[in-house]
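Before any comments, here is the structure.
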Amino acid sequence: MAKLLTDRILEHLGARGETNLLDLADEFQEDHQKIVGAAKSLETVDGLIVVKPISKKKWELTDEGRHIIEHGSHEAVVYNAVPDEGIPQAKLVKSSPYAKVGFSKAMVTGWIELDKSGDVPIVRKKVPSIVDVVQTHLKNLSSVPENIKAEYKKRKLLQEVVIKSMRLEKGPNFSTKIEKLEADLTSDLLVNGTWKDKKFKPYNFEALGAPLPIGHLHPLLKVRHEFRKIFLEMGFTEMETNNYVENSFWNFDALFQPQQHPARDAHDTFFISEPRISTKFPMEYLERVKTVHSKGAYGSQGYRYDWKLEEAQKNLLRTHTTSNSARMLYKLMEKVEGVIADYNLTLGNLIGTLYEFFSKLGITQLQFKPAYNPYTEPSMEIFCFHNGLEKWIEIGNSGMFRPEMILPMNLPPDVNVIAWGLSLERPTMIKYGLNNIRDLVGPKVDMEMVHNNPLCRLEKTSRMTRLQWKTRQHEEKSVKTQSNQETKIKQVAEHPSEKPKFVRQQLVIFCDPQYPISFILSFIRVVAPYFRVSLSTHVHSTVTNFPKKLAGFGSLYFSKGANVDISFTVIWKPIGLDPIMVLPGMHRILGMVNIARYLNRLVEQVDTNVLKYETNGPLYASKIDFYLDKIHYALHDSDRVLPMHMYKTSCYIMGKDISIIDLILENIDKCQIREKM
Ligand SMILES: N[C@@H](Cc1ccccc1)C(=O)O
C-alpha cells in the first residue's frame, strides 16, 4: 500500500511540478499522516524530491457546530418549537439543549416576541417563516466570508486549527520511478558482474548507532553529576553524607531547633528503636548548646525551657543533610557543600553564590522569598521559573545560620555562615521540560524515557524564552502531535543556545612553585589565535626558595597593554599540590583539573572551534570529564597511576582534535608530577 502511495505521489508531482500534502490527502482521499509517511520515505532517496515544511490554518466545527448541522441553529430550533398560539417562556427554554441561547438569539433577530400581559410570559412567533443562515453556512464553510467565520468562532461553533504539512517539489534527480539502490556489495553481484550497472546507496555517516542493550542512567543521576561538577568547579569540596542515622542533637539541637518543635514529634520524624540513643557528644559544645537553648547566650535570650539531654540523645533517620553541615562546621572546615563560612559574609554573598550556581546550569530566572527555619535568620526559599508550568516553583531553601547556632561551636564572632539545601528533582524537571514529578520518580516512570533521554548537559547560556516556549506549546497542541516525554525531551535538548557576550576575565592563580601550573602556558598558546591573553607573575613573600627555572615562566605572554580578553596573574605561594584560581567576587576554583575545566568552558562559550569540549556532543564531553577525573585522582592518590594509554598515545587523546587533556598531559610530563605518583 505504502509503495503504491509513493508511486502515486511521484506521478502526481511529475504531472503538476509541485504539490502540497494537505491537498493531496483530499485528492487521494487518504489520511494526511499516511501521505506524510510516504513523502518522508521518498525524501530519503537522494535528490528525488524537495520537501519544505508548511503550516496552514484550517477551520473546524466544534461539537456545538456539528450539533447545528444536524438539528439547525439554536435560534431556529427555538423558533420551530413555538406553536402558532404561543408557548410559556419557561416551557420553551426547557424544550431543547441549547434553548436558552437560542431564545435570546431568536429575540435579537426578531423571529419571536415575548408577551408579558398575562400571568406567565408567553412567547409567540413574530415572523411567518425563517431561513436558517447559520446552518447553511456551517454546512458549506468554504463559501462563508472570513469575518462571519470569526463571528462563529466567538460563538464557539468553529475553531481554528493549525495543520503542519509539507510542500513537495521535484528534486534534481526527479523521476517517477524509483530505482532501488543496492545497500550491500554481495558476492552474487560480483560473480555475475551486475555490480557494474547497479547504483549503490551512499554510506550514511550521520546514522546513529543501534542503542546498546545496556543499563542507562536516570536523568536524576545525570543532573546530580552536573550539580557536583559545578560545585567542584566553584571551589567547593565534598563532605560525607552517608550517615542516614543521626541523633537528635546534631539533627535538631545543634541547629537551635527547640526540643518542643513540632518537627521533632514522632509523626514528623522516624525515631530509631535499636540503638535508641547516642552517648558520645562533644560535651563542652553540648553544654553551650544547652545554655543557648535554656537560658540564652551570645546576646540571645534563648527559648527559656528546660533542655533535656535525653531528648538530644534520641536516634532518628536523618531528616535533612543540614545536620552534616553542622558537623562539618563544628570541625571548622573552610568550605563544605551547601555551606560557606567566612568573615563578614552577607546575604548578598548567598544570593550571588546561588545565582552563579544556577546560571552554570542555564537557569537564570531566580527569585527569593523570605521564609522561616529555626536555624537561619534571614531565611530565603529559592524559586525558579518553570517555562512549561508557567509558574515559579520552589527549588531550595537557604539562609544565614543564626548566631545561637554557630557561636556555641566557638566560631569567631565576625564569621558568618551562609547555607542552602537544594532540590534535585525540580531543576531536573525544568531541564527536561517535565511538568509532573511522577514522570521522573515513582512507579509511573517510563523506562523508555530513561533509555532514550539525552545525556544531561544542562544548557549553560540562554534558555528558551517564555514566548518561544509558549509558541512551541501552542503549535504542539494545535498540530495535535502525540506529545510523549521523548519528544518533549528532544525539543528542549535540541533548542540551540545563543552565544553569550564574552566578559573580560581577570583571573588570579595562586600556585605552589613546587607544582607549577605549566598547562596554563600550553592553554594560552592554543587559544592565543582566538583570544587576547596576557600573563604576569609575582612571587609571594612567604616563598623562601624560588626555583630559578620558573624565573621566565610565561614571559612570552607578558604584556603591558590593558586591552586583553583574559588576563592571568600567577602568584607563586607555597600552598601545596592544588593551585587556586580566584575569580572576581569571592569565588575560587581549587585544583588544576577544575581550573582546566573552567577555562575550557569559558573559551568554548565564545569560540567553539578551539579546544572542543561540550560542543562535540555529550559523549565527547563525558569522555573528557572521565579523563579529567582520572588525572585528578592520579595527582592526589599515590596508589593510582594514569592508565598507560593516556600518555603513551602518539596523536591527540581524543582523536583528531587537540583537547584540554592533551595540554594537561603535556605538562604533567614537564613538571614530573607523574614520577611522584
Ligand atoms: N534544612 C533545609 C535546607 C537548608 C539548609 C541550610 C540553610 C537553610 C535551609 C531543608 O532541608 O529544607
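Going by the C-alpha cells order, chains are called A, B, ..., each with residues numbered from 1, while ligands are numbered from 1 in the order shown.
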
Surroundings of ligand 1 up to 6 Å, based on only C-alpha atoms and all ligand atoms, as a JSON list (two decimals) with C-alpha atoms, in the first residue's frame:
```
[["chain", "number", "residue", "atom", "x", "y", "z"],
["A", 320, "HIS", "CA", 17.96, 16.72, 56.33],
["A", 322, "THR", "CA", 21.91, 20.24, 57.32],
["A", 397, "ASN", "CA", 15.81, 26.72, 50.92],
["A", 398, "SER", "CA", 18.64, 28.78, 52.32],
["A", 399, "GLY", "CA", 19.73, 31.32, 54.88],
["A", 419, "ALA", "CA", 23.94, 27.74, 53.74],
["A", 420, "TRP", "CA", 21.39, 26.17, 51.45],
["A", 421, "GLY", "CA", 19.65, 22.95, 50.60]]
```

Determine, counting only C-alpha atoms, which protein, DNA and RNA residues have an atom within 9 Å of an atom of stretch 94-110 of chain A; residues of the same chain fewer than 4 positions away are not included. Present the result as a PyMOL selection string.
chain A and resi 73-79+81+89-90+114+126-127

List as a PDB file with C-alpha atoms, in the first residue's frame the protein and nucleic acid residues near A:Glu394, meaning an atom at most 7 Å away when only C-alpha atoms are counted, but skip any in the same chain fewer than 5 places from it.
```pdb
ATOM      1  CA  GLU A 381      13.179  29.993  49.813  1.00  0.00           C
ATOM      2  CA  ILE A 382      14.640  29.807  46.320  1.00  0.00           C
ATOM      3  CA  PHE A 383      12.215  29.864  43.410  1.00  0.00           C
ATOM      4  CA  CYS A 384      12.856  29.301  39.752  1.00  0.00           C
TER       5      CYS A 384
END
```

Which polymer residues have any atom within 12 Å of an atom of A:Asp268, counting only C-alpha atoms, with same-chain residues fewer than 5 positions away left out, as a list of chain:residue names?
A:His261, A:Pro262, A:Ala263, A:Leu316, A:Leu317, A:Arg318, A:Thr319
